[in-house]
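Shown next: target_12.cif, given as mmCIF, C-alpha atoms.
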data_protein
#
loop_
_atom_site.label_atom_id
_atom_site.label_comp_id
_atom_site.auth_asym_id
_atom_site.auth_seq_id
_atom_site.Cartn_x
_atom_site.Cartn_y
_atom_site.Cartn_z
CA MET H 1 121.33 -55.23 -66.48
CA PHE H 2 118.89 -57.63 -68.11
CA LYS H 3 115.72 -56.32 -69.75
CA LYS H 4 112.31 -57.38 -68.46
CA GLN H 5 109.58 -58.12 -70.97
CA LEU H 6 105.79 -58.28 -70.69
CA TRP H 7 104.38 -61.67 -71.67
CA THR H 8 101.13 -60.07 -72.89
CA ASP H 9 103.10 -58.45 -75.72
CA LEU H 10 104.48 -61.73 -77.00
CA ASN H 11 102.96 -64.59 -78.91
CA ARG H 12 103.77 -68.24 -78.44
CA SER H 13 103.68 -70.71 -81.31
CA SER H 14 104.04 -74.44 -81.88
CA GLU H 15 107.67 -73.78 -82.83
CA THR H 16 108.52 -72.53 -79.34
CA THR H 17 105.92 -74.47 -77.36
CA PRO H 18 105.10 -77.82 -79.03
CA ILE H 19 101.74 -79.34 -78.17
CA ASP H 20 101.83 -82.61 -80.14
CA LYS H 21 102.43 -84.72 -77.02
CA ILE H 22 99.67 -82.92 -75.13
CA ILE H 23 97.11 -83.48 -77.85
CA LYS H 24 98.05 -87.15 -78.15
CA ASN H 25 97.87 -87.68 -74.39
CA ILE H 26 94.52 -85.88 -74.12
CA GLU H 27 93.12 -88.21 -76.77
CA ASN H 28 94.44 -91.22 -74.87
CA VAL H 29 92.98 -89.98 -71.57
CA ASN H 30 89.59 -89.26 -73.13
CA ASN H 31 89.49 -92.71 -74.72
CA GLU H 32 90.41 -94.34 -71.41
CA LEU H 33 87.64 -92.44 -69.65
CA LEU H 34 85.08 -93.43 -72.27
CA ASN H 35 86.02 -97.07 -71.88
CA SER H 36 86.33 -96.98 -68.11
CA SER H 37 83.88 -98.89 -65.94
CA THR H 38 84.57 -96.71 -62.89
CA SER H 39 82.31 -93.94 -61.68
CA SER H 40 84.88 -91.26 -62.49
CA ASN H 41 84.01 -89.29 -65.58
CA GLN H 42 85.71 -86.79 -67.80
CA SER H 43 84.54 -83.74 -65.87
CA GLU H 44 85.86 -85.04 -62.54
CA ILE H 45 89.43 -85.64 -63.66
CA LYS H 46 91.65 -82.60 -64.08
CA LYS H 47 93.98 -82.56 -67.06
CA VAL H 48 97.28 -81.00 -66.04
CA VAL H 49 100.34 -79.57 -67.75
CA LEU H 50 103.41 -79.07 -65.58
CA LEU H 51 105.90 -76.25 -66.03
CA SER H 52 109.28 -75.62 -64.46
CA THR H 53 111.71 -72.80 -65.19
CA GLY H 54 115.30 -72.09 -64.24
CA SER H 55 118.78 -71.52 -65.55
CA TYR H 56 119.54 -75.21 -66.20
CA ASN H 57 123.19 -74.19 -66.34
CA PRO H 58 123.71 -77.08 -66.89
CA ILE H 59 120.70 -79.38 -66.59
CA HIS H 60 121.04 -82.48 -64.40
CA LYS H 61 119.07 -85.68 -63.80
CA MET H 62 117.03 -84.33 -60.90
CA HIS H 63 115.68 -81.51 -63.06
CA VAL H 64 114.04 -84.12 -65.29
CA LYS H 65 113.14 -86.84 -62.79
CA THR H 66 111.09 -84.45 -60.63
CA PHE H 67 108.57 -84.16 -63.47
CA TYR H 68 108.02 -87.92 -63.42
CA LEU H 69 107.72 -87.98 -59.65
CA ALA H 70 105.19 -85.12 -59.69
CA LYS H 71 103.18 -86.81 -62.44
CA LYS H 72 102.94 -90.06 -60.50
CA THR H 73 101.82 -88.36 -57.27
CA LEU H 74 99.33 -85.98 -58.88
CA GLU H 75 97.65 -88.85 -60.70
CA GLN H 76 97.52 -91.13 -57.66
CA LYS H 77 96.65 -88.60 -54.96
CA TYR H 78 94.71 -85.80 -56.68
CA ASN H 79 92.70 -87.60 -59.38
CA MET H 80 94.57 -85.80 -62.15
CA LYS H 81 96.00 -86.78 -65.52
CA VAL H 82 99.26 -85.11 -66.46
CA VAL H 83 98.98 -84.75 -70.23
CA GLY H 84 102.09 -82.66 -70.75
CA ALA H 85 105.02 -80.88 -69.14
CA PHE H 86 107.47 -78.20 -70.15
CA LEU H 87 111.03 -77.51 -69.13
CA SER H 88 111.61 -73.81 -69.79
CA PRO H 89 115.14 -72.36 -69.43
CA SER H 90 115.59 -68.72 -68.50
CA HIS H 91 116.64 -66.04 -70.95
CA ASP H 92 120.35 -65.61 -71.70
CA SER H 93 120.34 -62.05 -70.35
CA TYR H 94 119.18 -63.24 -66.93
CA VAL H 95 121.53 -66.23 -66.72
CA GLU H 96 124.54 -64.18 -67.82
CA SER H 97 123.77 -61.46 -65.27
CA LYS H 98 123.56 -64.12 -62.58
CA LEU H 99 126.49 -66.38 -63.47
CA ARG H 100 128.79 -64.09 -65.48
CA GLN H 101 131.59 -66.11 -67.11
CA ASP H 102 129.98 -69.40 -66.02
CA TYR H 103 126.82 -68.88 -68.04
CA ILE H 104 126.03 -71.30 -70.88
CA PRO H 105 124.35 -69.82 -74.00
CA ILE H 106 120.83 -71.05 -74.69
CA LYS H 107 121.81 -73.03 -77.79
CA HIS H 108 123.84 -75.34 -75.54
CA ARG H 109 121.36 -75.34 -72.65
CA ARG H 110 118.62 -76.28 -75.11
CA ALA H 111 120.66 -79.08 -76.68
CA MET H 112 121.48 -80.58 -73.27
CA ALA H 113 117.87 -80.30 -72.10
CA GLU H 114 116.61 -82.13 -75.18
CA LEU H 115 119.25 -84.83 -74.76
CA SER H 116 118.21 -85.27 -71.11
CA ILE H 117 114.52 -85.55 -71.94
CA LYS H 118 115.27 -88.12 -74.65
CA GLU H 119 117.44 -90.27 -72.38
CA GLU H 120 114.90 -90.27 -69.54
CA GLU H 121 112.11 -91.28 -71.95
CA GLU H 122 114.24 -94.13 -73.26
CA GLU H 123 115.06 -95.21 -69.71
CA MET H 124 111.39 -95.19 -68.63
CA ASN H 125 110.31 -96.84 -71.89
CA ASN H 126 106.56 -96.92 -71.32
CA LYS H 127 103.45 -95.16 -72.57
CA ASN H 128 103.41 -92.80 -69.59
CA SER H 129 106.90 -91.45 -70.24
CA ASP H 130 106.13 -89.41 -73.37
CA PHE H 131 104.85 -86.15 -71.93
CA LEU H 132 107.83 -83.85 -71.28
CA CYS H 133 109.02 -81.24 -73.80
CA PHE H 134 111.49 -78.41 -74.06
CA ASP H 135 109.80 -74.99 -74.16
CA GLY H 136 111.86 -72.40 -76.02
CA TRP H 137 109.49 -69.45 -75.69
CA GLU H 138 110.90 -67.90 -72.51
CA SER H 139 114.49 -68.07 -73.75
CA SER H 140 113.70 -66.78 -77.26
CA VAL H 141 111.91 -63.52 -76.45
CA ASN H 142 113.65 -60.15 -76.30
CA GLY H 143 114.31 -59.96 -72.58
CA PHE H 144 113.74 -61.61 -69.22
CA ILE H 145 110.27 -62.78 -68.13
CA ASP H 146 109.67 -63.92 -64.55
CA PHE H 147 108.18 -67.37 -63.97
CA PRO H 148 104.68 -66.31 -62.82
CA GLN H 149 104.25 -64.54 -66.15
CA VAL H 150 105.68 -67.56 -68.00
CA THR H 151 103.07 -69.71 -66.26
CA LEU H 152 100.19 -67.37 -67.11
CA SER H 153 101.40 -67.11 -70.69
CA LEU H 154 101.45 -70.90 -71.09
CA SER H 155 97.94 -71.21 -69.68
CA SER H 156 96.66 -68.51 -72.05
CA TYR H 157 98.34 -70.20 -75.01
CA LEU H 158 96.86 -73.62 -74.21
CA LYS H 159 93.38 -72.11 -73.91
CA GLU H 160 93.85 -70.64 -77.37
CA VAL H 161 95.20 -73.71 -79.18
CA ILE H 162 93.20 -76.38 -77.29
CA PRO H 163 89.96 -74.48 -76.57
CA ASN H 164 87.77 -77.51 -75.92
CA GLU H 165 89.81 -78.74 -72.98
CA ASN H 166 90.02 -77.28 -69.48
CA ILE H 167 93.75 -77.63 -68.79
CA LEU H 168 95.31 -76.70 -65.47
CA VAL H 169 98.90 -75.43 -65.64
CA LEU H 170 100.89 -76.17 -62.49
CA TYR H 171 104.21 -74.49 -61.80
CA LEU H 172 106.54 -77.15 -60.36
CA CYS H 173 109.00 -76.12 -57.66
CA GLY H 174 110.55 -77.22 -54.39
CA SER H 175 109.11 -76.15 -51.04
CA ASP H 176 112.30 -74.23 -50.28
CA HIS H 177 111.80 -72.19 -53.45
CA PHE H 178 108.12 -71.66 -52.70
CA PHE H 179 108.75 -70.01 -49.35
CA ARG H 180 111.88 -68.17 -50.46
CA CYS H 181 110.37 -66.59 -53.54
CA GLY H 182 107.50 -64.21 -52.80
CA THR H 183 106.49 -63.80 -56.45
CA LEU H 184 105.32 -67.42 -56.49
CA HIS H 185 102.42 -66.41 -54.27
CA SER H 186 101.03 -64.39 -57.18
CA LEU H 187 99.89 -67.72 -58.64
CA ARG H 188 97.89 -68.78 -55.59
CA ASN H 189 94.11 -68.98 -55.79
CA LYS H 190 94.15 -68.43 -59.56
CA GLU H 191 93.03 -71.91 -60.56
CA LYS H 192 89.44 -70.95 -61.36
CA THR H 193 90.18 -67.54 -62.85
CA HIS H 194 93.38 -68.21 -64.81
CA GLY H 195 93.78 -72.00 -64.89
CA VAL H 196 97.07 -71.98 -62.99
CA GLY H 197 98.40 -73.28 -59.68
CA VAL H 198 101.55 -74.57 -58.01
CA CYS H 199 102.86 -78.09 -57.44
CA VAL H 200 105.19 -78.01 -54.43
CA LEU H 201 107.79 -80.76 -54.15
CA LYS H 202 108.52 -81.36 -50.47
CA ARG H 203 111.83 -83.06 -49.70
CA PRO H 204 112.86 -84.33 -46.23
CA SER H 205 115.71 -81.81 -46.02
CA HIS H 206 113.34 -78.86 -46.47
CA HIS H 207 112.75 -78.05 -42.81
CA GLU H 208 109.27 -76.85 -41.91
CA GLY H 209 110.09 -75.29 -38.55
CA VAL H 210 107.29 -75.33 -35.99
CA MET H 211 104.41 -75.69 -38.45
CA PRO H 212 103.86 -78.49 -41.01
CA LEU H 213 103.83 -77.51 -44.67
CA ASN H 214 100.17 -78.40 -45.19
CA LEU H 215 99.15 -75.99 -42.41
CA LEU H 216 101.39 -73.22 -43.70
CA LEU H 217 99.78 -73.58 -47.10
CA LYS H 218 96.22 -73.96 -45.81
CA PRO H 219 95.06 -70.50 -47.03
CA TYR H 220 96.25 -71.39 -50.54
CA LEU H 221 95.34 -75.06 -50.83
CA SER H 222 92.72 -74.46 -53.50
CA SER H 223 95.55 -74.03 -55.99
CA ILE H 224 98.55 -75.65 -54.25
CA TYR H 225 99.31 -79.36 -54.63
CA ILE H 226 101.91 -80.94 -52.35
CA VAL H 227 104.08 -83.81 -53.55
CA GLU H 228 105.82 -85.63 -50.70
CA THR H 229 109.08 -87.30 -51.65
CA THR H 230 112.05 -89.06 -50.07
CA MET H 231 114.16 -88.01 -53.06
CA GLU H 232 116.94 -85.64 -52.02
CA GLU H 233 118.59 -83.16 -54.35
CA ASP H 234 122.18 -84.16 -53.69
CA CYS H 235 123.14 -82.53 -56.94
CA SER H 236 123.27 -78.95 -58.15
CA SER H 237 124.36 -77.18 -61.30
CA THR H 238 126.96 -75.35 -59.19
CA LYS H 239 128.48 -78.68 -58.13
CA ILE H 240 128.52 -79.90 -61.73
CA ARG H 241 130.27 -76.73 -62.91
CA THR H 242 132.93 -77.13 -60.23
CA LEU H 243 133.60 -80.78 -61.09
CA ALA H 244 133.73 -80.09 -64.82
CA LYS H 245 136.18 -77.23 -64.37
CA GLU H 246 138.42 -79.64 -62.47
CA GLY H 247 138.21 -82.07 -65.38
CA LYS H 248 136.34 -84.66 -63.31
CA SER H 249 133.49 -86.90 -64.37
CA ILE H 250 129.94 -85.67 -63.80
CA SER H 251 128.28 -88.92 -64.88
CA GLU H 252 126.69 -89.39 -61.45
CA PHE H 253 124.63 -86.23 -61.92
CA VAL H 254 123.95 -85.80 -65.65
CA TYR H 255 122.90 -88.13 -68.44
CA PRO H 256 125.78 -89.69 -70.44
CA SER H 257 124.91 -87.75 -73.58
CA VAL H 258 125.05 -84.48 -71.62
CA GLU H 259 128.55 -85.12 -70.27
CA GLU H 260 129.67 -86.10 -73.76
CA TYR H 261 128.14 -82.91 -75.17
CA MET H 262 129.85 -80.75 -72.56
CA ARG H 263 133.23 -82.33 -73.24
CA ASN H 264 132.85 -82.11 -77.02
CA ASN H 265 131.83 -78.46 -76.85
CA LYS H 266 134.39 -77.57 -74.17
CA ILE H 267 131.77 -76.39 -71.71
CA TYR H 268 133.91 -75.98 -68.56
CA TYR H 269 136.12 -78.82 -69.80
CA GLU H 270 139.37 -77.72 -71.43
#

Serialized structure, structure tokens:
Amino acid sequence: MFKKQLWTDLNRSSETTPIDKIIKNIENVNNELLNSSTSSNQSEIKKVVLLSTGSYNPIHKMHVKTFYLAKKTLEQKYNMKVVGAFLSPSHDSYVESKLRQDYIPIKHRRAMAELSIKEEEEEMNNKNSDFLCFDGWESSVNGFIDFPQVTLSLSSYLKEVIPNENILVLYLCGSDHFFRCGTLHSLRNKEKTHGVGVCVLKRPSHHEGVMPLNLLLKPYLSSIYIVETTMEEDCSSTKIRTLAKEGKSISEFVYPSVEEYMRNNKIYYE
């Protein structure tokens, strides 16, 4: 059984949660606002940091690309500036309890996540692509921490290290996950009090039933931001594990450096 930990007992640092990209992007945003001829000013635009958690066992392209999609929509639709984002893998104890012999230790999950982030940045190759980082805090503490607490911890840390900026931390997830996981609702309506909210990625295959998503979320819309997308998640870590165990290529679903890493380190490949 994995051990749960309280985030209030644990301290983040720049070693686990790097903020260099955030600081650089905040400076760029502030300079753009100062030089802007539009009526929007610094106080009207929300500066946002995205966060997503999960096993990433292993990570695939969709895990990374959803950050870029969310950034584009939030900036175009909600008058926000995404100044940073963190990909935070779950603790080994949780992943092992869930996947047993299929679990990948964090040293490998971290390496593959960093390779994925690097490849996507190189593929995008523009000034707006340098915002996503690996966050090692959740996976390095002594026990499992659930994602609402990871979100609150990140917000608290950013308030401490960047005190002059009002940064909103948005937990990024799919609409299926939002409705399936009741603990996510603990983050609703906490934007003003705790500086956190939820960014819900709505895909066409996520059926809404008789009521549209925006109406279902109406009581929570003060801290819920919906990102509509035609992008379908035709990939899963489960599918990748199955293909790799069969010795097949997974290049359609992961970045080239990740497949190479898995083969070299005999992760599912013999």

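In this comparison, which uses all atoms listed in the file, the residue of H:Tyr56, H:Tyr255, H:Tyr94, H:Phe86 approaching Leu172 (chain H) most closely is H:Phe86.
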
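Here CA of Ser236 (chain H) and CA of Ser90 (chain H) stand 16.5 Å from one another.
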
Give me the result of the PyMOL selection byres ((chain H and resi 244) around 12) on this file, residue by residue, as an mmCIF file with C-alpha atoms, in the frame of the given file.
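Result written to part31.cif:
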data_model
loop_
_atom_site.group_PDB
_atom_site.id
_atom_site.type_symbol
_atom_site.label_atom_id
_atom_site.label_comp_id
_atom_site.auth_asym_id
_atom_site.auth_seq_id
_atom_site.Cartn_x
_atom_site.Cartn_y
_atom_site.Cartn_z
ATOM 1 C CA PRO H 58 123.710 -77.080 -66.890
ATOM 2 C CA ASP H 102 129.980 -69.400 -66.020
ATOM 3 C CA SER H 237 124.360 -77.180 -61.300
ATOM 4 C CA THR H 238 126.960 -75.350 -59.190
ATOM 5 C CA LYS H 239 128.480 -78.680 -58.130
ATOM 6 C CA ILE H 240 128.520 -79.900 -61.730
ATOM 7 C CA ARG H 241 130.270 -76.730 -62.910
ATOM 8 C CA THR H 242 132.930 -77.130 -60.230
ATOM 9 C CA LEU H 243 133.600 -80.780 -61.090
ATOM 10 C CA LYS H 245 136.180 -77.230 -64.370
ATOM 11 C CA GLU H 246 138.420 -79.640 -62.470
ATOM 12 C CA GLY H 247 138.210 -82.070 -65.380
ATOM 13 C CA LYS H 248 136.340 -84.660 -63.310
ATOM 14 C CA SER H 249 133.490 -86.900 -64.370
ATOM 15 C CA ILE H 250 129.940 -85.670 -63.800
ATOM 16 C CA SER H 251 128.280 -88.920 -64.880
ATOM 17 C CA PHE H 253 124.630 -86.230 -61.920
ATOM 18 C CA VAL H 254 123.950 -85.800 -65.650
ATOM 19 C CA VAL H 258 125.050 -84.480 -71.620
ATOM 20 C CA GLU H 259 128.550 -85.120 -70.270
ATOM 21 C CA GLU H 260 129.670 -86.100 -73.760
ATOM 22 C CA MET H 262 129.850 -80.750 -72.560
ATOM 23 C CA ARG H 263 133.230 -82.330 -73.240
ATOM 24 C CA LYS H 266 134.390 -77.570 -74.170
ATOM 25 C CA ILE H 267 131.770 -76.390 -71.710
ATOM 26 C CA TYR H 268 133.910 -75.980 -68.560
ATOM 27 C CA TYR H 269 136.120 -78.820 -69.800
ATOM 28 C CA GLU H 270 139.370 -77.720 -71.430
#

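Comparing H:Phe131, H:Tyr78, H:Phe144, H:Tyr103 by their smallest distance to Val64 (chain H), the closest is H:Phe131 (using only C-alpha atoms).
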
Selection dump of the PyMOL selection byres ((chain H and resi 105-110) around 12), as a PyMOL selection string: chain H and resi 16+54-60+87-96+99-104+111-117+133-141+237+258+261-267

d(CA of Leu168 (chain H), CA of Lys46 (chain H)) in Å: 7.1 Å

Which of H:Lys24, H:Lys47, H:Arg12, H:Lys65 sits closest to Met124 (chain H) [using all atoms listed in the file]: H:Lys65

Selection under test: the PyMOL selection byres ((chain H and resi 67) around 8); residues as an NGL selection string: :H and (50 or 63-66 or 68-71 or 85 or 132 or 172)

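Closest approach to Val49 (chain H) from the set H:Asn142, H:Thr229, H:Ser36, H:Thr151 is made by H:Thr151, with distances taken over only C-alpha atoms.
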
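Across H:Ile22, H:Val150, H:Ser156, H:Lys202, the tightest approach to Asn128 (chain H) is made by H:Ile22 when counting only C-alpha atoms.
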
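Atom pair CA of Ile26 (chain H) / CA of Val82 (chain H) has a distance of 9.0 Å (rounded to one decimal).
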
Selected residue of minimal separation from Ser223 (chain H) among H:Ser175, H:Glu252, H:Leu170, H:Ser52, counting only C-alpha atoms: H:Leu170
